[in-house]
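Next up, entry-v5.txt (compact mmCIF, C-alpha atoms):
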# COMPACT_ATOMS: atom_id res chain seq x y z
CA MET A 1 -8.93 -85.47 2.70
CA CYS A 2 -10.44 -81.98 2.27
CA GLY A 3 -13.93 -83.44 1.93
CA LEU A 4 -13.36 -85.69 4.93
CA MET A 5 -12.05 -82.81 7.03
CA HIS A 6 -15.05 -80.64 6.12
CA ALA A 7 -17.55 -83.32 7.20
CA LEU A 8 -15.74 -83.99 10.49
CA GLU A 9 -15.15 -80.36 11.49
CA GLU A 10 -18.87 -79.61 11.06
CA LYS A 11 -19.50 -82.04 13.93
CA GLY A 12 -16.62 -80.89 16.11
CA TYR A 13 -14.17 -83.66 15.20
CA THR A 14 -10.51 -83.26 14.23
CA LEU A 15 -8.81 -85.17 11.41
CA ILE A 16 -5.38 -86.59 12.23
CA VAL A 17 -3.46 -87.78 9.16
CA ARG A 18 -0.95 -90.63 9.34
CA ASN A 19 1.02 -91.83 6.33
CA MET A 20 2.35 -95.39 6.64
CA ARG A 21 3.08 -98.67 4.95
CA ALA A 22 0.56 -101.50 4.91
CA GLU A 23 2.71 -103.64 7.24
CA ASP A 24 2.61 -100.92 9.93
CA CYS A 25 -1.10 -100.12 9.70
CA SER A 26 -2.48 -102.94 11.86
CA HIS A 27 -0.13 -102.22 14.77
CA TYR A 28 -0.81 -98.47 14.65
CA ILE A 29 -4.60 -98.77 14.59
CA GLN A 30 -4.64 -101.36 17.39
CA GLU A 31 -2.43 -99.15 19.58
CA ALA A 32 -4.37 -95.96 18.76
CA ALA A 33 -7.72 -97.66 19.45
CA ASP A 34 -6.58 -99.25 22.73
CA SER A 35 -5.16 -95.96 24.02
CA LYS A 36 -8.23 -93.98 22.88
CA GLN A 37 -6.13 -91.71 20.66
CA ALA A 38 -8.95 -91.67 18.09
CA ASP A 39 -12.70 -92.39 18.05
CA GLY A 40 -12.64 -93.89 14.57
CA PHE A 41 -10.42 -94.59 11.56
CA VAL A 42 -10.72 -93.81 7.86
CA ILE A 43 -8.35 -96.15 6.01
CA HIS A 44 -7.20 -96.04 2.41
CA ALA A 45 -7.57 -99.42 0.69
CA SER A 46 -3.91 -99.41 -0.37
CA VAL A 47 -2.80 -100.21 3.21
CA ILE A 48 -5.38 -102.80 4.24
CA SER A 49 -4.61 -106.49 4.85
CA GLU A 50 -6.37 -109.63 6.04
CA GLU A 51 -4.55 -109.24 9.38
CA LEU A 52 -5.98 -105.72 9.78
CA ASP A 53 -9.44 -106.96 8.81
CA GLU A 54 -9.43 -109.66 11.51
CA MET A 55 -8.11 -107.32 14.19
CA ILE A 56 -10.68 -104.58 13.48
CA PHE A 57 -13.50 -107.14 13.33
CA GLU A 58 -12.54 -108.81 16.62
CA LYS A 59 -12.14 -105.50 18.49
CA GLY A 60 -15.15 -103.79 16.90
CA ILE A 61 -13.14 -100.70 15.95
CA PRO A 62 -15.20 -97.97 14.20
CA HIS A 63 -13.76 -97.61 10.69
CA ILE A 64 -14.47 -97.02 7.03
CA VAL A 65 -12.19 -98.10 4.19
CA ILE A 66 -11.98 -95.89 1.10
CA GLY A 67 -11.80 -98.39 -1.73
CA ASN A 68 -13.21 -101.85 -2.34
CA PRO A 69 -10.96 -104.53 -0.75
CA ASN A 70 -9.62 -107.07 -3.25
CA PHE A 71 -10.30 -109.96 -0.86
CA GLN A 72 -13.29 -111.22 1.15
CA SER A 73 -13.45 -109.14 4.30
CA HIS A 74 -15.51 -107.82 7.20
CA PHE A 75 -14.43 -104.25 6.41
CA CYS A 76 -16.93 -101.46 6.04
CA TRP A 77 -16.01 -99.71 2.79
CA ILE A 78 -17.16 -97.17 0.24
CA ASP A 79 -15.86 -96.84 -3.26
CA ILE A 80 -16.22 -95.25 -6.67
CA ASN A 81 -17.84 -97.48 -9.28
CA ASN A 82 -14.70 -97.86 -11.38
CA ARG A 83 -16.25 -100.56 -13.56
CA LEU A 84 -19.02 -98.14 -14.53
CA ALA A 85 -16.36 -95.50 -15.24
CA GLY A 86 -14.72 -97.87 -17.73
CA GLU A 87 -18.08 -98.55 -19.36
CA LEU A 88 -18.72 -94.81 -19.80
CA ALA A 89 -15.31 -94.31 -21.43
CA ALA A 90 -15.75 -97.18 -23.90
CA ARG A 91 -19.33 -96.24 -24.77
CA HIS A 92 -18.28 -92.65 -25.50
CA LEU A 93 -15.50 -93.81 -27.87
CA LEU A 94 -17.86 -96.12 -29.75
CA GLU A 95 -20.36 -93.26 -30.10
CA ARG A 96 -17.52 -91.21 -31.61
CA GLY A 97 -17.12 -93.85 -34.32
CA CYS A 98 -14.06 -95.69 -32.96
CA GLN A 99 -13.78 -99.26 -34.21
CA SER A 100 -10.68 -100.37 -32.31
CA VAL A 101 -9.70 -99.35 -28.77
CA ALA A 102 -6.54 -99.93 -26.71
CA PHE A 103 -6.12 -99.69 -22.93
CA ILE A 104 -3.00 -98.66 -21.01
CA GLY A 105 -3.18 -99.05 -17.25
CA GLY A 106 -1.47 -99.71 -13.95
CA LYS A 107 0.14 -102.86 -12.58
CA PRO A 108 -1.83 -106.14 -12.64
CA GLU A 109 -2.49 -105.78 -8.89
CA ASP A 110 -3.87 -102.23 -9.31
CA GLN A 111 -7.56 -102.88 -8.60
CA ILE A 112 -8.75 -99.46 -9.77
CA SER A 113 -7.11 -99.92 -13.17
CA ALA A 114 -8.34 -103.52 -13.39
CA ARG A 115 -11.96 -102.56 -12.71
CA ARG A 116 -11.82 -99.76 -15.25
CA LEU A 117 -10.49 -102.25 -17.82
CA ASP A 118 -13.32 -104.66 -16.93
CA GLY A 119 -15.83 -101.92 -17.71
CA VAL A 120 -14.18 -101.17 -21.06
CA LEU A 121 -14.17 -104.86 -21.97
CA THR A 122 -17.85 -105.26 -21.03
CA VAL A 123 -19.01 -102.53 -23.40
CA LEU A 124 -16.72 -103.57 -26.26
CA LYS A 125 -17.97 -107.15 -25.97
CA GLU A 126 -21.59 -105.96 -26.06
CA HIS A 127 -20.85 -104.26 -29.39
CA ASP A 128 -18.74 -107.12 -30.81
CA VAL A 129 -15.57 -105.03 -30.76
CA LEU A 130 -12.46 -107.09 -30.09
CA LEU A 131 -9.71 -105.88 -27.76
CA PRO A 132 -6.60 -107.81 -28.89
CA ARG A 133 -4.13 -108.84 -26.20
CA GLU A 134 -1.46 -106.60 -27.73
CA TYR A 135 -3.80 -103.61 -27.26
CA VAL A 136 -3.74 -103.98 -23.46
CA LYS A 137 -0.62 -102.76 -21.65
CA LYS A 138 0.00 -102.67 -17.91
CA GLY A 139 2.73 -100.76 -16.09
CA GLU A 140 3.40 -98.07 -13.52
CA SER A 141 0.96 -95.20 -12.97
CA VAL A 142 3.62 -92.65 -13.93
CA CYS A 143 4.23 -90.49 -17.02
CA ASP A 144 7.27 -92.43 -18.27
CA SER A 145 5.34 -95.70 -18.17
CA GLY A 146 2.43 -94.12 -20.06
CA TYR A 147 4.87 -92.94 -22.73
CA ARG A 148 6.49 -96.36 -23.04
CA MET A 149 3.20 -98.28 -23.16
CA THR A 150 1.86 -95.95 -25.85
CA MET A 151 4.96 -96.51 -27.97
CA GLN A 152 4.45 -100.27 -27.58
CA ILE A 153 0.86 -99.94 -28.80
CA LEU A 154 2.04 -97.95 -31.81
CA GLU A 155 4.50 -100.71 -32.80
CA ASN A 156 1.58 -102.93 -33.84
CA ARG A 157 1.01 -103.32 -37.56
CA ARG A 158 -2.49 -101.87 -37.17
CA ARG A 159 -3.05 -98.91 -34.89
CA PRO A 160 -6.20 -98.53 -32.75
CA ASP A 161 -8.54 -95.57 -33.22
CA ALA A 162 -8.48 -94.65 -29.55
CA LEU A 163 -6.54 -95.04 -26.32
CA VAL A 164 -8.10 -95.37 -22.88
CA CYS A 165 -5.63 -94.30 -20.17
CA ALA A 166 -6.28 -95.61 -16.66
CA ASP A 167 -5.28 -92.33 -14.99
CA ASN A 168 -3.95 -88.81 -15.59
CA TYR A 169 -0.27 -89.67 -15.14
CA ILE A 170 -0.43 -92.42 -17.76
CA ALA A 171 -2.40 -90.07 -20.02
CA TYR A 172 0.30 -87.41 -19.74
CA GLY A 173 2.93 -89.84 -21.03
CA CYS A 174 0.51 -91.11 -23.68
CA VAL A 175 -0.14 -87.64 -25.13
CA ASN A 176 3.60 -86.87 -25.21
CA ALA A 177 4.27 -90.11 -27.08
CA LEU A 178 1.58 -89.34 -29.66
CA HIS A 179 2.98 -85.82 -30.14
CA ASP A 180 6.50 -87.23 -30.62
CA ARG A 181 5.22 -89.63 -33.28
CA GLY A 182 3.36 -86.85 -35.05
CA ILE A 183 -0.06 -88.45 -34.48
CA LEU A 184 -2.88 -85.92 -34.38
CA ILE A 185 -5.33 -85.95 -31.45
CA PRO A 186 -8.27 -86.49 -31.99
CA GLU A 187 -8.13 -86.71 -35.81
CA GLU A 188 -5.88 -89.80 -35.91
CA MET A 189 -6.16 -91.03 -32.31
CA LYS A 190 -8.74 -90.23 -29.67
CA VAL A 191 -7.64 -90.22 -26.02
CA ILE A 192 -9.77 -90.48 -22.88
CA THR A 193 -8.71 -90.85 -19.25
CA PHE A 194 -10.17 -90.87 -15.72
CA ASP A 195 -10.32 -88.14 -13.07
CA ASP A 196 -10.00 -84.46 -13.84
CA PHE A 197 -6.76 -83.89 -11.93
CA PRO A 198 -3.94 -82.97 -12.30
CA PHE A 199 -3.17 -82.89 -16.04
CA SER A 200 -6.42 -83.17 -18.01
CA GLN A 201 -7.08 -79.46 -18.35
CA ILE A 202 -3.49 -78.34 -19.03
CA LEU A 203 -2.54 -80.82 -21.75
CA LYS A 204 -2.97 -79.86 -25.39
CA PRO A 205 -5.50 -80.87 -26.51
CA MET A 206 -7.49 -80.85 -23.27
CA LEU A 207 -8.48 -84.39 -22.36
CA SER A 208 -11.92 -85.89 -22.17
CA VAL A 209 -12.31 -87.62 -18.81
CA VAL A 210 -14.62 -89.84 -16.86
CA ASN A 211 -14.55 -87.76 -13.71
CA ILE A 212 -14.82 -88.84 -10.09
CA ASP A 213 -15.89 -86.37 -7.42
CA VAL A 214 -13.26 -87.31 -4.84
CA TYR A 215 -14.19 -84.37 -2.61
CA ASP A 216 -17.72 -85.74 -2.31
CA MET A 217 -16.27 -89.17 -1.59
CA GLY A 218 -14.35 -87.68 1.35
CA VAL A 219 -17.51 -85.99 2.63
CA GLN A 220 -19.40 -89.29 2.45
CA ALA A 221 -16.55 -91.10 4.25
CA GLY A 222 -16.77 -88.51 7.03
CA LYS A 223 -20.51 -88.99 7.41
CA TYR A 224 -20.16 -92.77 7.55
CA ILE A 225 -17.36 -92.79 10.13
CA LEU A 226 -19.40 -90.48 12.39
CA GLN A 227 -22.36 -92.86 12.08
CA LYS A 228 -20.09 -95.82 12.88
CA ILE A 229 -18.82 -94.11 16.03
CA LYS A 230 -22.42 -93.64 17.23
CA LYS A 231 -23.74 -96.98 15.90
CA PRO A 232 -20.93 -99.59 15.93
CA ASN A 233 -23.26 -102.21 14.38
CA LEU A 234 -23.73 -100.14 11.22
CA TYR A 235 -22.42 -102.15 8.25
CA VAL A 236 -21.59 -100.44 4.96
CA GLN A 237 -20.24 -101.94 1.74
CA SER A 238 -21.28 -99.86 -1.24
CA HIS A 239 -20.38 -97.65 -4.17
CA ILE A 240 -21.38 -94.14 -3.18
CA THR A 241 -19.88 -91.86 -5.83
CA PHE A 242 -20.75 -92.36 -9.48
CA PRO A 243 -18.63 -91.10 -12.39
CA THR A 244 -19.61 -88.51 -14.96
CA LEU A 245 -18.33 -87.93 -18.49
CA ILE A 246 -16.66 -84.61 -19.40
CA ILE A 247 -16.15 -84.33 -23.16
CA ARG A 248 -13.25 -82.18 -24.36
CA GLU A 249 -10.99 -81.77 -27.40
CA SER A 250 -9.19 -85.14 -27.22
CA THR A 251 -12.30 -87.04 -28.37
Transcribe the structure of this file into structure tokens.
Amino acid sequence: MCGLMHALEEKGYTLIVRNMRAEDCSHYIQEAADSKQADGFVIHASVISEELDEMIFEKGIPHIVIGNPNFQSHFCWIDINNRLAGELAARHLLERGCQSVAFIGGKPEDQISARRLDGVLTVLKEHDVLLPREYVKKGESVCDSGYRMTMQILENRRRPDALVCADNYIAYGCVNALHDRGILIPEEMKVITFDDFPFSQILKPMLSVVNIDVYDMGVQAGKYILQKIKKPNLYVQSHITFPTLIIREST
């Protein structure tokens, strides 16, 4: 939102923030567009729906969705290349000598987690490294779930060399679980996660991350929505922010 606000304010626009459930989004945007409350809409992918897609398409409402929709749509969207982020994480672990890797992520419907897992699987397959079913755990993107999923991984007869955590909250629980079991990071288990906020730099050891510049993503979203307001026929569906690897103590 800070990046978005910066891009809009430079051109004399004001950002109005509304927090709502997916089922309320379509009604709000239709009403706000009809009454000219806003010139355009930046929408987080977590609240989009096929109903919203059809309404925006039919009315020609200037918009940009942050996040790749998980269904065929007319939406204009921009996203991080989360699959590439997963590939970077897996490739780094293999370069560190890891021979078995586990993944703990969000719910099955969490598209960000799923795409990151796809990237991990792609690289492991290229190098003939198996990812057993019991080495993939899915749960909530919260610390307690990360702790629980890590403990489940550790119950296997053979432990992996490394854990890929789908986000910082899961990684926080993961690191606590490893500490409680007396497993040394990175000597006995390497840990890597995604995004550099909020826990990666305060955990001990500091976590290696595949980082996403979310501020830049907000800036790009602002530029695109201003273009859409001026050129309603502009059509955008692309990955605009690419991840980078930050290597720290945990690997």
Option closest in space to A:Lys204, from A:Ser250, A:Ser35, A:Asn81, A:Asn168 [counting all atoms listed in the file] =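 The answer is A:Ser250, which sits nearest to A:Lys204.
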Within 9 Å of stretch 212-224 of chain A, counting all atoms listed in the file, which residues qualify if same-chain residues fewer than 4 places away don't, as a PyMOL selection string?
-> chain A and resi 1-8+42+63-66+77-80+85+194-196+228-229+234+236+240-244
Work out how far apart atom CA of A:Thr122 and atom CA of A:Asn82 are and give it in Å to one decimal.
-> 12.6 Å
Compile the contact shell of A:Ser113 as a list of chain:residue names: residues with an atom at most 7 Å away, counting only C-alpha atoms, same-chain residues fewer than 6 positions apart removed.
->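 That gives A:Gly105, A:Gly106, A:Ala166.
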May I have the residues within 12 Å of A:Phe71 as an MDAnalysis selection string, using all atoms listed in the file and disregarding those fewer than 2 positions away in the same chain?
-> chainID A and resid 45 48:51 53 67:69 73:75 109 111
Determine, counting all atoms listed in the file, which protein, DNA and RNA residues have an atom within 8 Å of an atom of A:Ser208; residues of the same chain fewer than 2 positions away are not included. Present the result as a ChimeraX atom specification.
-> /A:191-193,200,206,210,245-251
